[in-house]
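Have a look at the structure below before the remarks.
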Amino acid sequence: MEERQLQSMVEKISVASFGKPFKHQAMFNPRLRSTGGRYLLGTHNIEINKKYLEQLGEKELIGIIKHELCHYHLHLEGKGYQHRDLEFKQLLKKVGAPRFCTQLPDMKMKHTQKKILIYQCAKCQLSYKRKRSIDTSRYVCGKCRGKLLKVKEEILL
């Protein structure tokens, strides 16, 4: 899908679901990572994460567009457009838009995999489990001040 097709889709959904025209710009933003889309208060434009279309399909994209259009129309009318506002929640329900978008499949893997680094003192054999790596040239054992060595790296699912 190209941006002109996205623009056309947003305009059609706005008229069909809200009965009001969308007079600003809709575009894909490749920098969006953890969200399906966003409404920009200053320009009134809507940015969409293209990964949601590619990984979850058009149905999810339509839900994201409806969600962002709720922000758009309520903001322009001077009503409560934030997630916590009652008017926003009511409009979401009325047009059948999700409050939150589904998590991307490739993001789920990143959140479920955790790595644990295990370091051991060369002198006293004391083990240290850490989530972050340690600079072994700067840090020493807290018990005997011996040199730390990276023993292994475990990936937990």
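Chain labels follow the order of the structure tokens: the first chain is A, the next B, and so on; residue numbering restarts at 1 in every chain, and ligands are counted from 1 in their shown order.
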
> Which parts of region 85-144 of chain A does DSSP call helix (DSSP H, G or I) when run on the backbone here, written out as a VMD selection string?
Replying inline: chain A and resid 86 to 95 105 to 112

Serialized selection, all heavy atoms, as a compact mmCIF listing (two decimals), in the first residue's frame:
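Final output, result_20.txt:
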```txt
# COMPACT_ATOMS: atom_id res chain seq x y z
N LEU A 86 -13.77 10.29 28.94
CA LEU A 86 -15.00 9.53 28.74
C LEU A 86 -15.52 9.67 27.31
O LEU A 86 -15.96 8.69 26.70
CB LEU A 86 -16.08 9.98 29.74
CG LEU A 86 -17.41 9.25 29.68
CD1 LEU A 86 -17.21 7.77 30.03
CD2 LEU A 86 -18.41 9.88 30.62
N GLU A 87 -15.46 10.89 26.76
CA GLU A 87 -15.93 11.12 25.38
C GLU A 87 -15.14 10.27 24.39
O GLU A 87 -15.71 9.73 23.43
CB GLU A 87 -15.81 12.60 25.02
CG GLU A 87 -16.75 13.48 25.79
CD GLU A 87 -16.43 14.96 25.66
OE1 GLU A 87 -15.24 15.32 25.70
OE2 GLU A 87 -17.37 15.75 25.52
N PHE A 88 -13.84 10.14 24.62
CA PHE A 88 -12.99 9.33 23.75
C PHE A 88 -13.40 7.86 23.82
O PHE A 88 -13.57 7.20 22.79
CB PHE A 88 -11.52 9.52 24.14
CG PHE A 88 -10.56 8.71 23.30
CD1 PHE A 88 -10.27 9.09 22.01
CD2 PHE A 88 -9.96 7.58 23.80
CE1 PHE A 88 -9.39 8.35 21.22
CE2 PHE A 88 -9.09 6.84 23.04
CZ PHE A 88 -8.80 7.23 21.74
N LYS A 89 -13.58 7.37 25.03
CA LYS A 89 -13.96 5.97 25.22
C LYS A 89 -15.32 5.67 24.58
O LYS A 89 -15.52 4.61 23.98
CB LYS A 89 -14.00 5.62 26.71
CG LYS A 89 -12.62 5.59 27.36
CD LYS A 89 -12.73 5.35 28.85
CE LYS A 89 -11.40 5.49 29.54
NZ LYS A 89 -11.51 5.40 31.00
N GLN A 90 -16.26 6.61 24.72
CA GLN A 90 -17.58 6.43 24.14
C GLN A 90 -17.54 6.40 22.62
O GLN A 90 -18.21 5.59 21.98
CB GLN A 90 -18.53 7.53 24.63
CG GLN A 90 -18.91 7.39 26.09
CD GLN A 90 -19.68 8.59 26.61
OE1 GLN A 90 -19.66 9.67 26.03
NE2 GLN A 90 -20.36 8.40 27.74
N LEU A 91 -16.75 7.30 22.03
CA LEU A 91 -16.64 7.33 20.57
C LEU A 91 -15.95 6.08 20.04
O LEU A 91 -16.34 5.55 19.00
CB LEU A 91 -15.89 8.60 20.12
CG LEU A 91 -15.83 8.83 18.61
CD1 LEU A 91 -17.23 8.91 18.00
CD2 LEU A 91 -15.05 10.11 18.28
N LEU A 92 -14.94 5.59 20.75
CA LEU A 92 -14.28 4.34 20.35
C LEU A 92 -15.30 3.21 20.26
O LEU A 92 -15.33 2.45 19.29
CB LEU A 92 -13.20 3.93 21.36
CG LEU A 92 -11.86 4.65 21.33
CD1 LEU A 92 -10.99 4.14 22.48
CD2 LEU A 92 -11.14 4.45 20.02
N LYS A 93 -16.14 3.12 21.29
CA LYS A 93 -17.16 2.07 21.34
C LYS A 93 -18.18 2.23 20.21
O LYS A 93 -18.56 1.26 19.56
CB LYS A 93 -17.87 2.11 22.70
CG LYS A 93 -18.61 0.86 23.05
CD LYS A 93 -19.21 0.98 24.44
CE LYS A 93 -18.65 -0.12 25.30
NZ LYS A 93 -19.25 -0.11 26.65
N LYS A 94 -18.56 3.47 19.96
CA LYS A 94 -19.57 3.77 18.94
C LYS A 94 -19.11 3.36 17.53
O LYS A 94 -19.88 2.79 16.76
CB LYS A 94 -19.90 5.26 18.96
CG LYS A 94 -20.96 5.68 17.97
CD LYS A 94 -21.19 7.18 18.04
CE LYS A 94 -22.09 7.62 16.89
NZ LYS A 94 -22.15 9.09 16.81
N VAL A 95 -17.84 3.63 17.20
CA VAL A 95 -17.34 3.33 15.85
C VAL A 95 -16.66 1.96 15.76
O VAL A 95 -16.24 1.54 14.69
CB VAL A 95 -16.37 4.43 15.33
CG1 VAL A 95 -17.09 5.75 15.21
CG2 VAL A 95 -15.13 4.53 16.18
N PRO A 105 3.76 -9.44 16.24
CA PRO A 105 4.37 -10.74 16.52
C PRO A 105 5.88 -10.69 16.73
O PRO A 105 6.41 -11.35 17.61
CB PRO A 105 4.05 -11.56 15.27
CG PRO A 105 2.86 -10.91 14.67
CD PRO A 105 2.96 -9.46 15.02
N ASP A 106 6.60 -9.86 15.96
CA ASP A 106 8.05 -9.79 16.14
C ASP A 106 8.44 -9.04 17.41
O ASP A 106 9.52 -9.24 17.96
CB ASP A 106 8.75 -9.20 14.92
CG ASP A 106 8.44 -7.74 14.66
OD1 ASP A 106 7.53 -7.21 15.31
OD2 ASP A 106 9.10 -7.14 13.79
N MET A 107 7.55 -8.20 17.95
CA MET A 107 7.83 -7.51 19.22
C MET A 107 7.62 -8.46 20.40
O MET A 107 8.27 -8.33 21.41
CB MET A 107 6.93 -6.28 19.38
CG MET A 107 7.26 -5.14 18.46
SD MET A 107 8.92 -4.50 18.70
CE MET A 107 8.68 -3.52 20.16
N LYS A 108 6.70 -9.42 20.26
CA LYS A 108 6.45 -10.38 21.33
C LYS A 108 7.71 -11.19 21.63
O LYS A 108 8.04 -11.45 22.77
CB LYS A 108 5.31 -11.33 20.96
CG LYS A 108 3.95 -10.72 21.07
CD LYS A 108 2.88 -11.73 20.72
CE LYS A 108 1.51 -11.07 20.69
NZ LYS A 108 0.47 -11.99 20.26
N MET A 109 8.42 -11.59 20.59
CA MET A 109 9.65 -12.36 20.76
C MET A 109 10.70 -11.56 21.51
O MET A 109 11.40 -12.09 22.36
CB MET A 109 10.20 -12.80 19.40
CG MET A 109 9.36 -13.86 18.72
SD MET A 109 9.19 -15.36 19.70
CE MET A 109 10.87 -15.96 19.69
N LYS A 110 10.79 -10.27 21.21
CA LYS A 110 11.79 -9.43 21.88
C LYS A 110 11.49 -9.28 23.37
O LYS A 110 12.38 -9.20 24.18
CB LYS A 110 11.85 -8.05 21.22
CG LYS A 110 12.47 -8.07 19.85
CD LYS A 110 12.46 -6.71 19.22
CE LYS A 110 12.97 -6.77 17.80
NZ LYS A 110 12.84 -5.50 17.10
N HIS A 111 10.19 -9.25 23.71
CA HIS A 111 9.82 -9.06 25.11
C HIS A 111 9.88 -10.34 25.92
O HIS A 111 10.04 -10.31 27.12
CB HIS A 111 8.43 -8.44 25.21
CG HIS A 111 8.37 -7.03 24.72
ND1 HIS A 111 9.02 -6.01 25.35
CD2 HIS A 111 7.77 -6.47 23.65
CE1 HIS A 111 8.81 -4.87 24.71
NE2 HIS A 111 8.06 -5.14 23.66
N THR A 112 9.70 -11.48 25.28
CA THR A 112 9.70 -12.73 26.02
C THR A 112 11.10 -13.31 26.20
O THR A 112 11.33 -14.05 27.14
CB THR A 112 8.81 -13.78 25.35
OG1 THR A 112 9.25 -13.98 24.00
CG2 THR A 112 7.35 -13.36 25.36
```

>> Quick one: residues within 9 Å of Pro21 (chain A), only C-alpha atoms, excluding same-chain residues fewer than 5 positions away - as number ranges by chain?
In response: A: 11-12, 14-15

Dump N, CA, C and O atoms for the selected residues as a CSV table (one decimal), in the first residue's frame?
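The resulting file, part_1.csv, is reproduced below:
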```csv
chain,number,residue,atom,x,y,z
A,11,GLU,N,-9.7,8.8,4.5
A,11,GLU,CA,-10.8,9.7,4.1
A,11,GLU,C,-12.1,9.0,4.0
A,11,GLU,O,-13.2,9.4,4.5
A,12,LYS,N,-12.1,7.8,3.4
A,12,LYS,CA,-13.3,7.0,3.3
A,12,LYS,C,-13.9,6.5,4.7
A,12,LYS,O,-15.1,6.6,5.0
A,14,SER,N,-13.3,7.9,7.5
A,14,SER,CA,-13.8,9.1,8.3
A,14,SER,C,-15.2,9.4,7.9
A,14,SER,O,-16.0,9.7,8.8
A,15,VAL,N,-15.5,9.4,6.7
A,15,VAL,CA,-16.9,9.8,6.2
A,15,VAL,C,-17.9,8.6,6.6
A,15,VAL,O,-18.9,8.9,7.1
```

> From the set A:Met9, A:Ala122, A:Gly96, A:Arg145, which residue has the shortest atom-to-atom contact distance to Glu58 (chain A), counting only C-alpha atoms?
Replying inline: A:Met9

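Between CA of Phe22 (chain A) and CA of Leu61 (chain A) the interatomic distance comes to 16.6 Å.
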
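Comparing A:Lys79, A:Leu117, A:Met1, A:Arg38 by their smallest distance to Ser133 (chain A), the closest is A:Leu117 (using only C-alpha atoms).
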
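Minimum distance to Lys115 (chain A) across A:Ala26, A:Val10, A:Leu156, A:Ile65 (counting only C-alpha atoms) occurs at A:Leu156.
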
>> Give me the residues near Glu2 (chain A) as a ChimeraX atom specification, where near means some atom within 10 Å (using only C-alpha atoms) and where sequence neighbours in that chain fewer than 4 positions away do not count.
In response: /A:6-7,27-28,50

>> According to DSSP computed on the backbone, where in region 102-146 of chain A is there strand (DSSP E or B)? Give the residues as number ranges by chain.
In response: A: 114-121, 127-130, 140
